[in-house]
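Student: Structure incoming, see below.
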Amino acid sequence: MPREPNSQSTGAGALLAILRDGQARTRAELAQLTGLARSTVSQRLDALMSHRWVVPTEDFISSGGRPAAAFAFNERVRVVLAADLGATHARLAVTDLGMTVLAERAAELPIDRGPEPTLEWLVTAFREMLAEIGRDLTQVCGVGVGLPGPVEHASGRPVNPPIMPGWDGFPVPEWLGTRIGAPVLVDNDVNIMALGEHWTARPEVDHLIFIKIGTGIGCGIISGRRLHRGAQGAAGDVGHIRVPSSEALCRCGNVGCLEAVAGGAAMAAALRAEGVDARGSRDVVALMRAGDTRAARLIRQAGREIGGVMASIVNFFNPSVIVIGGDIAEAGEQVLAGVREAIYSRSLPLATQHLSIRASDLGDRAGIIGAAVMVVEHVLAPDTIDRALTG
């Protein structure tokens, strides 16, 4: 659901924020909701309609006299480009402003190719997808990108990403922005997944944690219905919390990290050590589904290890929902059972009294939907709309 407009804001952007809930309204209804005069509402509606953010609907509302025209948010006036880049693969989408996916593409794309080859592929793919649906770059209002590493959200630059050689400090927004001609927002991939899951499936939830279990392990935090990034954008990096019983070497250079014990790469390595051909997290899940007991045992134990770390976070943060996503989440109950077992046995009863632990509803789409949400919330913020209309 779109965020509620600031009660202090009565510009055209505030009218648009009201209409973004999908309900058509008359001038009189908008005047009542904002406290503005009918003439002022009409002026601001005219400004929004001149840019096609708002359109008159075919519905007319009658109160016994002359029917009153109703106005609605035009979700198709612009498009958003969304990219969810993982360690080994990418998913892209073009969406409208209501987060409806208009075009979608997935590909194997190792992030360690470096920034310029990866982003050049991204631009080419976006151009092709826009052409497929009869759109072009002039209709793009923004680009959202998720990266598999720490990101300073204010600048959009990766910060010491452990699995992204060559990306540290790379100006992703500037590089993409000059080629696409639209604002570019960048965040950690788990953060955008949390945004997507919350927006689409659980907008009524105030406190939600999204755990991605893929090649690595990360956590996105929704607090008070808003994404919590922390002071430097590093909030939720649970993959590098120490598991006391382990001395496994992590790719970050430390030993005993949760990721080095329970991540998809660690499980694939453990299977290879037993002579099983497993290159990554997807292979581990495929083996489990094929009946391989070693893969099933590893996934269940990974769930327990992750649940053990999350138990402390449940006691500290007290979320009402924990969502499990990423490639390993495709293992279903094998991983969920392990997570639940550890959390419910180690967390305080009060913290787990109404706690729901479930798999992602969006699956592979959580990241692209979240990237689109990130852009739309920025582009359609009341202050942004007001500046665009007056500029």
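Following the order of the structure tokens, chains are lettered A, B, ..., residues in each are numbered from 1, and ligands are numbered from 1.
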At most 8 Å is the cut-off: for each residue in region 64-84 of chain A with any atom that close to an atom of region 20-42 of chain A, write down the nearest atom pair and the distance in Å rounded to one decimal, counting only C-alpha atoms, chain first then increasing number, as JSON lines.
Tutor:
{"residue": "A:Ala68", "atom": "CA", "partner": "A:Thr26", "partner_atom": "CA", "distance": 6.4}
{"residue": "A:Ala69", "atom": "CA", "partner": "A:Thr26", "partner_atom": "CA", "distance": 5.9}
{"residue": "A:Ala70", "atom": "CA", "partner": "A:Thr26", "partner_atom": "CA", "distance": 4.3}
{"residue": "A:Phe71", "atom": "CA", "partner": "A:Ala24", "partner_atom": "CA", "distance": 5.1}
{"residue": "A:Ala72", "atom": "CA", "partner": "A:Ala24", "partner_atom": "CA", "distance": 4.5}
{"residue": "A:Phe73", "atom": "CA", "partner": "A:Arg20", "partner_atom": "CA", "distance": 5.6}
Student: Save out the residues we just selected, N, CA and C atoms, as a short mmCIF file (atom, residue, chain, number, x, y, z; two decimals), in the first residue's frame.
Tutor:
data_model
loop_
_atom_site.label_atom_id
_atom_site.label_comp_id
_atom_site.auth_asym_id
_atom_site.auth_seq_id
_atom_site.Cartn_x
_atom_site.Cartn_y
_atom_site.Cartn_z
N ALA A 68 -21.17 13.84 -10.26
CA ALA A 68 -19.85 14.44 -10.09
C ALA A 68 -18.78 13.55 -10.70
N ALA A 69 -17.86 14.15 -11.43
CA ALA A 69 -16.77 13.39 -12.04
C ALA A 69 -15.82 12.87 -10.98
N ALA A 70 -15.26 11.71 -11.22
CA ALA A 70 -14.29 11.11 -10.31
C ALA A 70 -12.94 11.04 -10.99
N PHE A 71 -11.88 11.04 -10.17
CA PHE A 71 -10.51 11.07 -10.68
C PHE A 71 -9.71 9.93 -10.05
N ALA A 72 -8.79 9.36 -10.83
CA ALA A 72 -8.02 8.21 -10.36
C ALA A 72 -6.56 8.35 -10.74
N PHE A 73 -5.71 7.66 -10.00
CA PHE A 73 -4.28 7.60 -10.27
C PHE A 73 -4.04 6.81 -11.56
#
Student: Can you pull out the residues contacting region 108-113 of chain A? Cut-off 7 Å, using only C-alpha atoms, and skip same-chain residues under 6 positions away; I want them as a list of chain:residue names.
Tutor: A:Gly86, A:Ala87, A:Thr88, A:His89, A:Ala90, A:Ile163, A:Met164, A:Pro165
Student: For the atom pair CA of Trp199 (chain A) and CA of Leu15 (chain A), what is the interatomic distance in Å to one decimal place?
Tutor: 20.8 Å
Student: Set the distance at 12 Å and use only C-alpha atoms: which residues neighbour Ala106 (chain A) once local chain neighbours fewer than 2 positions away are removed? I'd like the list as a PyMOL selection string.
Tutor: chain A and resi 82-86+88-93+103-104+108-109+122+125-126+129+364-365+368
Student: I want to know what sits within 10 Å of region 94-96 of chain A, based on only C-alpha atoms, with residues of the same chain fewer than 3 positions away left out; could you give that as a PyMOL selection string?
Tutor: chain A and resi 74-83+99-105+126+129-130+133+135+140-141+143+368-369+372-373+376
Student: Excluding Ala234 (chain A) and any residue of its chain fewer than 4 positions from it, enumerate the residues within 7 Å of it, using only C-alpha atoms, and give them as a PDB file with N, CA, C and O atoms, in the first residue's frame.
Tutor:
ATOM      1  N   PRO A 150      26.924  -4.980   0.743  1.00  0.00           N
ATOM      2  CA  PRO A 150      26.588  -3.729   1.436  1.00  0.00           C
ATOM      3  C   PRO A 150      26.552  -2.553   0.470  1.00  0.00           C
ATOM      4  O   PRO A 150      27.410  -2.425  -0.402  1.00  0.00           O
ATOM      5  N   ARG A 229      17.591   0.542   7.499  1.00  0.00           N
ATOM      6  CA  ARG A 229      18.891   0.298   6.866  1.00  0.00           C
ATOM      7  C   ARG A 229      20.055   0.438   7.838  1.00  0.00           C
ATOM      8  O   ARG A 229      21.142  -0.058   7.564  1.00  0.00           O
ATOM      9  N   GLY A 230      19.852   1.114   8.944  1.00  0.00           N
ATOM     10  CA  GLY A 230      20.941   1.360   9.868  1.00  0.00           C
ATOM     11  C   GLY A 230      21.718   2.614   9.501  1.00  0.00           C
ATOM     12  O   GLY A 230      21.475   3.246   8.467  1.00  0.00           O
TER      13      GLY A 230
END
Student: Residues near Ile322 (chain A), anyone? I mean within 6 Å using only C-alpha atoms, not counting same-chain ones fewer than 3 positions away, as a list of chain:residue names.
Tutor: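 Skipping anything fewer than 3 positions along the chain leaves A:Leu208, A:Ile209, A:Phe210, A:Ile357.
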Student: Could you save the residues just selected, with C-alpha atoms, as an mmCIF file, in the first residue's frame?
Tutor:
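The resulting result.cif:
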data_model
loop_
_atom_site.group_PDB
_atom_site.id
_atom_site.type_symbol
_atom_site.label_atom_id
_atom_site.label_comp_id
_atom_site.auth_asym_id
_atom_site.auth_seq_id
_atom_site.Cartn_x
_atom_site.Cartn_y
_atom_site.Cartn_z
ATOM 1 C CA LEU A 208 8.758 -8.013 9.577
ATOM 2 C CA ILE A 209 12.080 -9.740 8.975
ATOM 3 C CA PHE A 210 12.986 -11.171 5.580
ATOM 4 C CA ILE A 357 7.474 -18.034 10.188
#
Student: Could you give me, as a PyMOL selection string, the residues within 8 Å of region 297-309 of chain A, counting only C-alpha atoms and dropping anything in the same chain fewer than 6 positions from it?
Tutor: chain A and resi 238+241+243+258+261-263+267+328+331+334-343+346
Student: Can you list, as a VMD selection string, every residue of region 337-384 of chain A that DSSP puts in strand (DSSP E)?
Tutor: chain A and resid 356 to 359
Student: Report, in Å to a single decimal, how far apart CA of Gly264 (chain A) and CA of Arg279 (chain A) are.
Tutor: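 Separating CA of Arg279 (chain A) from CA of Gly264 (chain A) is a distance of 9.3 Å.
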Student: Just asking: which residues within region 207-321 of chain A are helix (DSSP H, G or I) according to DSSP, as a ChimeraX atom specification?
Tutor: /A:238-240,258-262,264-273,281-289,293-317
Student: Of the candidates A:Val172, A:Val314, A:Cys250, A:Leu137, which one gets nearest to Ile221 (chain A) if we count only C-alpha atoms?
Tutor: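 Going through A:Val172, A:Val314, A:Cys250, A:Leu137 one by one, the smallest distance to Ile221 (chain A) is for A:Val314.
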Student: Taking only C-alpha atoms into account, which of A:Thr390, A:Thr200, A:Ser312, A:Thr118 comes nearest Trp167 (chain A)?
Tutor: A:Thr118
Student: Would you mind telling me which residue in A:Val321, A:Ala270, A:Val284, A:Ala381 lies nearest to Arg202 (chain A) when using only C-alpha atoms?
Tutor: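 Nearest candidate to Arg202 (chain A) out of A:Val321, A:Ala270, A:Val284, A:Ala381: A:Val321.
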Student: For Glu333 (chain A), which residue among A:Pro56, A:Gly220, A:Pro203, A:Met288 is the nearest when counting only C-alpha atoms?
Tutor: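 With only C-alpha atoms as the atom set, the closest residue is A:Met288.
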